[in-house]
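Below is coords06.txt, holding compact mmCIF, N, CA and C atoms.
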# COMPACT_ATOMS: atom_id res chain seq x y z
N MET A 1 0.84 -1.17 0.00
CA MET A 1 0.00 0.00 0.00
C MET A 1 0.88 1.23 0.00
N ASP A 2 0.34 2.31 -0.52
CA ASP A 2 1.06 3.58 -0.53
C ASP A 2 0.94 4.17 0.85
N ASN A 3 2.07 4.32 1.52
CA ASN A 3 2.10 4.86 2.87
C ASN A 3 2.89 6.17 2.89
N SER A 4 2.94 6.82 1.73
CA SER A 4 3.72 8.04 1.58
C SER A 4 3.13 9.18 2.41
N VAL A 5 4.00 10.10 2.79
CA VAL A 5 3.58 11.29 3.53
C VAL A 5 3.10 12.32 2.51
N PRO A 6 1.86 12.80 2.66
CA PRO A 6 1.36 13.81 1.72
C PRO A 6 2.29 15.02 1.65
N GLY A 7 2.54 15.48 0.45
CA GLY A 7 3.39 16.64 0.24
C GLY A 7 4.87 16.33 0.19
N ASN A 8 5.25 15.09 0.43
CA ASN A 8 6.66 14.69 0.39
C ASN A 8 6.88 13.89 -0.89
N ALA A 9 7.88 14.28 -1.68
CA ALA A 9 8.14 13.61 -2.95
C ALA A 9 8.67 12.19 -2.77
N GLN A 10 9.21 11.87 -1.61
CA GLN A 10 9.75 10.54 -1.33
C GLN A 10 8.59 9.57 -1.09
N GLY A 11 8.51 8.51 -1.86
CA GLY A 11 7.44 7.54 -1.70
C GLY A 11 7.75 6.51 -0.63
N VAL A 12 6.70 5.99 -0.01
CA VAL A 12 6.84 4.94 1.00
C VAL A 12 5.84 3.83 0.67
N LEU A 13 6.36 2.62 0.51
CA LEU A 13 5.50 1.47 0.28
C LEU A 13 5.53 0.58 1.51
N THR A 14 4.37 0.10 1.90
CA THR A 14 4.25 -0.82 3.02
C THR A 14 3.57 -2.07 2.51
N PHE A 15 4.10 -3.21 2.91
CA PHE A 15 3.42 -4.45 2.54
C PHE A 15 3.56 -5.46 3.64
N PHE A 16 2.63 -6.42 3.63
CA PHE A 16 2.55 -7.43 4.67
C PHE A 16 2.65 -8.81 4.05
N VAL A 17 3.21 -9.73 4.80
CA VAL A 17 3.27 -11.13 4.39
C VAL A 17 2.55 -11.92 5.47
N TYR A 18 1.56 -12.70 5.07
CA TYR A 18 0.69 -13.39 6.02
C TYR A 18 0.85 -14.91 5.97
N GLY A 19 0.40 -15.54 7.03
CA GLY A 19 0.21 -16.98 7.08
C GLY A 19 1.44 -17.81 6.75
N HIS A 20 1.22 -18.80 5.89
CA HIS A 20 2.29 -19.74 5.53
C HIS A 20 3.46 -19.04 4.85
N ASP A 21 3.16 -18.00 4.05
CA ASP A 21 4.24 -17.26 3.39
C ASP A 21 5.12 -16.58 4.42
N ALA A 22 4.51 -16.01 5.45
CA ALA A 22 5.29 -15.35 6.51
C ALA A 22 6.15 -16.37 7.24
N ALA A 23 5.59 -17.52 7.55
CA ALA A 23 6.36 -18.56 8.24
C ALA A 23 7.52 -19.02 7.38
N ARG A 24 7.31 -19.12 6.08
CA ARG A 24 8.37 -19.56 5.16
C ARG A 24 9.52 -18.56 5.10
N ILE A 25 9.21 -17.27 4.93
CA ILE A 25 10.31 -16.31 4.78
C ILE A 25 10.97 -15.96 6.11
N ARG A 26 10.29 -16.24 7.21
CA ARG A 26 10.89 -15.98 8.52
C ARG A 26 12.18 -16.78 8.68
N GLY A 27 12.27 -17.92 8.02
CA GLY A 27 13.47 -18.76 8.10
C GLY A 27 14.63 -18.27 7.27
N LEU A 28 14.42 -17.29 6.43
CA LEU A 28 15.50 -16.73 5.60
C LEU A 28 16.28 -15.71 6.41
N ASP A 29 17.52 -15.47 6.02
CA ASP A 29 18.27 -14.39 6.68
C ASP A 29 17.74 -13.05 6.17
N ALA A 30 18.06 -11.98 6.87
CA ALA A 30 17.50 -10.65 6.58
C ALA A 30 17.75 -10.22 5.13
N GLY A 31 18.95 -10.46 4.62
CA GLY A 31 19.27 -10.07 3.24
C GLY A 31 18.43 -10.82 2.22
N ALA A 32 18.24 -12.11 2.44
CA ALA A 32 17.43 -12.92 1.53
C ALA A 32 15.97 -12.49 1.58
N ARG A 33 15.47 -12.18 2.77
CA ARG A 33 14.09 -11.69 2.88
C ARG A 33 13.92 -10.39 2.12
N GLN A 34 14.86 -9.48 2.31
CA GLN A 34 14.76 -8.19 1.62
C GLN A 34 14.79 -8.39 0.12
N GLU A 35 15.70 -9.20 -0.36
CA GLU A 35 15.81 -9.45 -1.80
C GLU A 35 14.52 -10.06 -2.35
N LEU A 36 13.98 -11.04 -1.64
CA LEU A 36 12.74 -11.69 -2.06
C LEU A 36 11.57 -10.71 -2.10
N LEU A 37 11.42 -9.93 -1.05
CA LEU A 37 10.28 -9.01 -0.97
C LEU A 37 10.40 -7.87 -1.99
N LEU A 38 11.60 -7.34 -2.16
CA LEU A 38 11.77 -6.26 -3.14
C LEU A 38 11.59 -6.78 -4.56
N SER A 39 12.02 -8.00 -4.81
CA SER A 39 11.81 -8.62 -6.12
C SER A 39 10.32 -8.78 -6.40
N GLU A 40 9.60 -9.21 -5.38
CA GLU A 40 8.15 -9.40 -5.52
C GLU A 40 7.45 -8.07 -5.81
N ILE A 41 7.77 -7.03 -5.05
CA ILE A 41 7.08 -5.75 -5.24
C ILE A 41 7.49 -5.11 -6.57
N ALA A 42 8.77 -5.24 -6.95
CA ALA A 42 9.23 -4.70 -8.23
C ALA A 42 8.53 -5.39 -9.39
N GLY A 43 8.35 -6.70 -9.28
CA GLY A 43 7.67 -7.44 -10.33
C GLY A 43 6.19 -7.09 -10.41
N ARG A 44 5.54 -6.98 -9.27
CA ARG A 44 4.10 -6.66 -9.26
C ARG A 44 3.82 -5.27 -9.80
N LEU A 45 4.72 -4.32 -9.50
CA LEU A 45 4.50 -2.94 -9.94
C LEU A 45 5.28 -2.62 -11.21
N ASP A 46 5.97 -3.62 -11.75
CA ASP A 46 6.74 -3.48 -12.99
C ASP A 46 7.66 -2.25 -12.94
N ASP A 47 8.43 -2.18 -11.87
CA ASP A 47 9.35 -1.05 -11.69
C ASP A 47 10.62 -1.55 -11.02
N GLU A 48 11.67 -1.72 -11.80
CA GLU A 48 12.93 -2.27 -11.28
C GLU A 48 13.61 -1.35 -10.27
N ARG A 49 13.24 -0.07 -10.25
CA ARG A 49 13.84 0.85 -9.27
C ARG A 49 13.50 0.43 -7.84
N LEU A 50 12.42 -0.31 -7.68
CA LEU A 50 11.99 -0.73 -6.35
C LEU A 50 12.94 -1.76 -5.73
N ARG A 51 13.83 -2.31 -6.52
CA ARG A 51 14.82 -3.25 -5.98
C ARG A 51 15.94 -2.52 -5.23
N GLN A 52 16.01 -1.21 -5.39
CA GLN A 52 17.06 -0.39 -4.76
C GLN A 52 16.43 0.72 -3.91
N PRO A 53 15.81 0.39 -2.81
CA PRO A 53 15.15 1.43 -2.01
C PRO A 53 16.16 2.31 -1.28
N VAL A 54 15.72 3.48 -0.90
CA VAL A 54 16.52 4.37 -0.06
C VAL A 54 16.71 3.71 1.31
N ASP A 55 15.68 3.05 1.78
CA ASP A 55 15.73 2.37 3.08
C ASP A 55 14.78 1.18 3.03
N PHE A 56 15.02 0.22 3.87
CA PHE A 56 14.15 -0.96 3.97
C PHE A 56 14.02 -1.32 5.44
N ILE A 57 12.83 -1.30 5.94
CA ILE A 57 12.58 -1.60 7.35
C ILE A 57 11.60 -2.76 7.40
N GLU A 58 11.90 -3.76 8.20
CA GLU A 58 10.97 -4.86 8.36
C GLU A 58 10.64 -5.04 9.84
N PHE A 59 9.47 -5.59 10.08
CA PHE A 59 9.04 -5.85 11.45
C PHE A 59 8.31 -7.19 11.45
N ASP A 60 8.71 -8.07 12.33
CA ASP A 60 8.10 -9.39 12.44
C ASP A 60 7.08 -9.37 13.56
N TRP A 61 5.80 -9.24 13.22
CA TRP A 61 4.75 -9.17 14.23
C TRP A 61 4.68 -10.44 15.06
N ASP A 62 5.09 -11.56 14.49
CA ASP A 62 5.05 -12.81 15.24
C ASP A 62 6.06 -12.81 16.39
N ALA A 63 7.11 -12.02 16.25
CA ALA A 63 8.13 -11.93 17.30
C ALA A 63 7.74 -10.93 18.39
N GLU A 64 6.68 -10.17 18.16
CA GLU A 64 6.21 -9.17 19.13
C GLU A 64 5.38 -9.88 20.20
N PRO A 65 5.82 -9.90 21.45
CA PRO A 65 5.13 -10.70 22.47
C PRO A 65 3.73 -10.22 22.86
N HIS A 66 3.40 -8.97 22.58
CA HIS A 66 2.12 -8.44 23.06
C HIS A 66 1.02 -8.39 22.00
N THR A 67 1.29 -8.89 20.80
CA THR A 67 0.27 -8.82 19.75
C THR A 67 -0.28 -10.17 19.34
N GLY A 68 0.35 -11.24 19.75
CA GLY A 68 -0.12 -12.55 19.33
C GLY A 68 0.14 -12.83 17.87
N GLY A 69 1.04 -12.09 17.26
CA GLY A 69 1.44 -12.36 15.88
C GLY A 69 0.74 -11.53 14.83
N CYS A 70 0.03 -10.49 15.22
CA CYS A 70 -0.62 -9.67 14.21
C CYS A 70 -0.54 -8.20 14.60
N PHE A 71 -0.74 -7.34 13.64
CA PHE A 71 -0.71 -5.90 13.92
C PHE A 71 -2.07 -5.39 14.34
N SER A 72 -3.09 -6.21 14.14
CA SER A 72 -4.43 -5.78 14.48
C SER A 72 -5.32 -6.99 14.69
N GLY A 73 -6.17 -6.91 15.69
CA GLY A 73 -7.15 -7.95 15.88
C GLY A 73 -8.38 -7.65 15.06
N SER A 74 -9.12 -8.67 14.74
CA SER A 74 -10.37 -8.44 14.02
C SER A 74 -11.42 -9.42 14.52
N PHE A 75 -12.64 -8.97 14.51
CA PHE A 75 -13.74 -9.81 14.93
C PHE A 75 -14.14 -10.72 13.78
N ALA A 76 -14.76 -11.83 14.10
CA ALA A 76 -15.29 -12.71 13.06
C ALA A 76 -16.36 -11.96 12.27
N VAL A 77 -16.58 -12.38 11.04
CA VAL A 77 -17.56 -11.73 10.17
C VAL A 77 -18.91 -11.65 10.87
N GLY A 78 -19.49 -10.44 10.88
CA GLY A 78 -20.81 -10.23 11.46
C GLY A 78 -20.81 -9.90 12.94
N THR A 79 -19.67 -10.08 13.63
CA THR A 79 -19.63 -9.87 15.07
C THR A 79 -19.94 -8.43 15.44
N MET A 80 -19.30 -7.48 14.78
CA MET A 80 -19.55 -6.07 15.11
C MET A 80 -20.99 -5.69 14.82
N HIS A 81 -21.56 -6.25 13.77
CA HIS A 81 -22.96 -5.95 13.44
C HIS A 81 -23.88 -6.40 14.57
N VAL A 82 -23.61 -7.57 15.11
CA VAL A 82 -24.45 -8.15 16.15
C VAL A 82 -24.20 -7.51 17.52
N TYR A 83 -22.91 -7.29 17.86
CA TYR A 83 -22.56 -6.87 19.23
C TYR A 83 -22.12 -5.41 19.34
N ARG A 84 -22.18 -4.66 18.28
CA ARG A 84 -21.67 -3.29 18.28
C ARG A 84 -22.27 -2.43 19.40
N ASP A 85 -23.58 -2.43 19.52
CA ASP A 85 -24.23 -1.59 20.53
C ASP A 85 -23.79 -1.97 21.93
N ALA A 86 -23.67 -3.26 22.20
CA ALA A 86 -23.24 -3.71 23.53
C ALA A 86 -21.79 -3.35 23.79
N LEU A 87 -20.94 -3.48 22.78
CA LEU A 87 -19.52 -3.17 22.95
C LEU A 87 -19.28 -1.68 23.17
N LEU A 88 -20.06 -0.85 22.53
CA LEU A 88 -19.86 0.59 22.63
C LEU A 88 -20.62 1.24 23.78
N ALA A 89 -21.50 0.50 24.41
CA ALA A 89 -22.26 1.06 25.54
C ALA A 89 -21.38 1.11 26.78
N PRO A 90 -21.44 2.22 27.52
CA PRO A 90 -20.68 2.27 28.78
C PRO A 90 -21.14 1.15 29.72
N TRP A 91 -20.21 0.62 30.47
CA TRP A 91 -20.52 -0.45 31.43
C TRP A 91 -19.89 -0.08 32.77
N LYS A 92 -20.74 0.22 33.74
CA LYS A 92 -20.29 0.61 35.07
C LYS A 92 -19.24 1.72 35.02
N GLY A 93 -19.48 2.70 34.15
CA GLY A 93 -18.57 3.84 34.02
C GLY A 93 -17.39 3.60 33.10
N LEU A 94 -17.25 2.41 32.60
CA LEU A 94 -16.14 2.06 31.71
C LEU A 94 -16.59 2.17 30.27
N ARG A 95 -15.78 2.85 29.45
CA ARG A 95 -16.08 3.00 28.03
C ARG A 95 -15.00 2.28 27.24
N PHE A 96 -15.37 1.73 26.10
CA PHE A 96 -14.44 0.98 25.27
C PHE A 96 -14.08 1.77 24.02
N ALA A 97 -12.80 2.05 23.86
CA ALA A 97 -12.31 2.75 22.68
C ALA A 97 -11.01 2.07 22.27
N GLY A 98 -10.98 1.58 21.10
CA GLY A 98 -9.78 0.94 20.57
C GLY A 98 -9.95 0.79 19.08
N THR A 99 -8.88 0.48 18.43
CA THR A 99 -8.92 0.38 16.97
C THR A 99 -9.98 -0.59 16.49
N GLU A 100 -10.23 -1.64 17.26
CA GLU A 100 -11.21 -2.64 16.85
C GLU A 100 -12.64 -2.12 16.90
N THR A 101 -12.87 -1.00 17.58
CA THR A 101 -14.22 -0.42 17.66
C THR A 101 -14.40 0.75 16.71
N ALA A 102 -13.41 1.08 15.92
CA ALA A 102 -13.46 2.25 15.05
C ALA A 102 -14.38 2.01 13.85
N ASP A 103 -15.10 3.07 13.47
CA ASP A 103 -15.94 3.02 12.26
C ASP A 103 -15.11 3.18 11.00
N ILE A 104 -14.02 3.92 11.12
CA ILE A 104 -13.14 4.19 10.00
C ILE A 104 -11.72 3.81 10.42
N TRP A 105 -10.96 3.19 9.55
CA TRP A 105 -9.59 2.75 9.81
C TRP A 105 -9.51 1.72 10.93
N ASN A 106 -10.52 0.87 11.00
CA ASN A 106 -10.54 -0.23 11.96
C ASN A 106 -9.27 -1.06 11.79
N GLY A 107 -8.59 -1.30 12.92
CA GLY A 107 -7.39 -2.12 12.88
C GLY A 107 -6.10 -1.33 12.75
N TYR A 108 -6.18 -0.02 12.62
CA TYR A 108 -4.98 0.79 12.44
C TYR A 108 -4.91 1.87 13.53
N PHE A 109 -3.73 2.48 13.67
CA PHE A 109 -3.57 3.54 14.67
C PHE A 109 -4.60 4.65 14.47
N GLU A 110 -4.84 5.01 13.21
CA GLU A 110 -5.82 6.05 12.91
C GLU A 110 -7.19 5.67 13.49
N GLY A 111 -7.55 4.40 13.38
CA GLY A 111 -8.81 3.93 13.95
C GLY A 111 -8.83 4.06 15.46
N ALA A 112 -7.69 3.76 16.10
CA ALA A 112 -7.61 3.89 17.55
C ALA A 112 -7.80 5.34 17.97
N VAL A 113 -7.17 6.26 17.25
CA VAL A 113 -7.31 7.68 17.56
C VAL A 113 -8.76 8.12 17.38
N ARG A 114 -9.37 7.69 16.27
CA ARG A 114 -10.76 8.07 16.01
C ARG A 114 -11.70 7.50 17.09
N ALA A 115 -11.46 6.27 17.50
CA ALA A 115 -12.29 5.66 18.55
C ALA A 115 -12.10 6.42 19.86
N GLY A 116 -10.88 6.81 20.18
CA GLY A 116 -10.62 7.60 21.38
C GLY A 116 -11.32 8.95 21.33
N GLU A 117 -11.27 9.59 20.18
CA GLU A 117 -11.95 10.88 20.01
C GLU A 117 -13.46 10.70 20.15
N ARG A 118 -13.99 9.62 19.61
CA ARG A 118 -15.43 9.34 19.71
C ARG A 118 -15.84 9.22 21.18
N GLU A 119 -15.08 8.46 21.96
CA GLU A 119 -15.43 8.26 23.36
C GLU A 119 -15.18 9.52 24.19
N ALA A 120 -14.15 10.28 23.85
CA ALA A 120 -13.91 11.54 24.56
C ALA A 120 -15.06 12.50 24.34
N ALA A 121 -15.54 12.58 23.09
CA ALA A 121 -16.69 13.45 22.78
C ALA A 121 -17.94 12.97 23.52
N ALA A 122 -18.12 11.66 23.62
CA ALA A 122 -19.27 11.12 24.36
C ALA A 122 -19.18 11.48 25.83
N LEU A 123 -17.98 11.44 26.39
CA LEU A 123 -17.80 11.82 27.80
C LEU A 123 -18.10 13.30 28.02
N VAL A 124 -17.64 14.14 27.10
CA VAL A 124 -17.91 15.57 27.22
C VAL A 124 -19.41 15.82 27.18
N ASP A 125 -20.10 15.16 26.24
CA ASP A 125 -21.55 15.31 26.15
C ASP A 125 -22.23 14.85 27.44
N GLU A 126 -21.77 13.73 27.97
CA GLU A 126 -22.33 13.17 29.20
C GLU A 126 -22.12 14.12 30.39
N LEU A 127 -20.91 14.67 30.48
CA LEU A 127 -20.62 15.61 31.57
C LEU A 127 -21.41 16.90 31.42
N ALA A 128 -21.53 17.40 30.18
CA ALA A 128 -22.29 18.63 29.94
C ALA A 128 -23.76 18.43 30.32
N ALA A 129 -24.31 17.27 30.01
CA ALA A 129 -25.70 16.99 30.34
C ALA A 129 -25.91 16.89 31.86
N ALA A 130 -24.88 16.47 32.56
CA ALA A 130 -24.99 16.31 34.01
C ALA A 130 -24.88 17.65 34.73
N LEU A 131 -24.34 18.66 34.08
CA LEU A 131 -24.16 19.97 34.74
C LEU A 131 -25.41 20.79 34.77
Take the structure in the file and write it out as structure tokens.
Amino acid sequence: MDNSVPGNAQGVLTFFVYGHDAARIRGLDAGARQELLLSEIAGRLDDERLRQPVDFIEFDWDAEPHTGGCFSGSFAVGTMHVYRDALLAPWKGLRFAGTETADIWNGYFEGAVRAGEREAAALVDELAAAL
């Protein structure tokens, strides 16, 4: 995906490797992984310049102890439709805001920020009504 900063001429590409493919390339050394991934992206986008990036950063989510191997959790299909109202309703003064509850950018930092803003606005409204 295009992860470039708006207004900056330098492009940024982000890509993910999932499942069995991720397990397979995890066994390669860093140089071989980079070569494989850059070859794949250069071939898919038909641009050989992508084999020579300015920088290459990789992150192995499976090695991250606090994520369970993924960058974002997701509910099973239909779960949010069925349980959305219950999940977003305050419970004993506790409100739930996280990327998984976001209406937009669910699963990403942007979604977490939006969910936090949603709940902050709800708290302000609740406090204003109580005054």
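Atom N of Ser4 (chain A) lies 13.8 Å from CA of Phe56 (chain A).
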Could you pull out every residue with an atom within 8 Å of (-18.6, -10.4, 21.6), file coordinates, counting all atoms listed in the file, and send them as a ChimeraX atom specification?
/A:79-80,82-84,87
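With only C-alpha atoms as the basis for measurement, A:Met1 is the residue among A:Met1, A:Arg95, A:Ser72, A:Pro90 that approaches Leu45 (chain A) most closely.
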Run DSSP on the backbone and tell me which residues of chain A come out as strand (DSSP E or B); list them as a PDB file with N, CA and C atoms, keeping the file's coordinate frame.
ATOM      1  N   ASP A   2       0.340   2.310  -0.520  1.00  0.00           N
ATOM      2  CA  ASP A   2       1.060   3.580  -0.530  1.00  0.00           C
ATOM      3  C   ASP A   2       0.940   4.170   0.850  1.00  0.00           C
ATOM      4  N   LEU A  13       6.360   2.620   0.510  1.00  0.00           N
ATOM      5  CA  LEU A  13       5.500   1.470   0.280  1.00  0.00           C
ATOM      6  C   LEU A  13       5.530   0.580   1.510  1.00  0.00           C
ATOM      7  N   TRP A  91     -20.210   0.620  30.470  1.00  0.00           N
ATOM      8  CA  TRP A  91     -20.520  -0.450  31.430  1.00  0.00           C
ATOM      9  C   TRP A  91     -19.890  -0.080  32.770  1.00  0.00           C
ATOM     10  N   LEU A  94     -17.250   2.410  32.600  1.00  0.00           N
ATOM     11  CA  LEU A  94     -16.140   2.060  31.710  1.00  0.00           C
ATOM     12  C   LEU A  94     -16.590   2.170  30.270  1.00  0.00           C
TER      13      LEU A  94
END
Determine the nearest neighbour of Thr101 (chain A) from the options A:Arg114, A:Arg44, A:Arg49, A:His20, counting all atoms listed in the file.
A:Arg114
As lines of an AutoDock Vina configuration file, please report the centre and edge lengths, rounded to one decimal in Å, of the axis-aligned box that holds all listed atoms of region 62-68 of chain A with 4 Å of padding on each of the six sides.
center_x = 3.9
center_y = -10.6
center_z = 18.8
size_x = 16.4
size_y = 12.4
size_z = 16.6
If you run DSSP on this backbone, which residues of region 41-104 of chain A come out as alpha helix (DSSP H), and could you give them as number ranges by chain?
A: 41-45, 79-88
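For the pair CA of Cys70 (chain A) and atom C of Arg33 (chain A), the separation is 18.9 Å.
Minimum distance to Asp60 (chain A) across A:Asp85, A:Ala115, A:Trp91, A:Ala22 (counting only C-alpha atoms) occurs at A:Ala22.
In this structure, CA of Gly111 (chain A) sits 7.3 Å away from CA of Gly98 (chain A).
Residue nearest Phe59 (chain A), chosen from A:Phe15, A:Asp21, A:Ala128, A:Ala121 and counting only C-alpha atoms: A:Phe15.
Using only C-alpha atoms, the nearest neighbour of Glu35 (chain A) within the list A:Gly116, A:Gly19, A:Pro53, A:Gly69 is A:Pro53.
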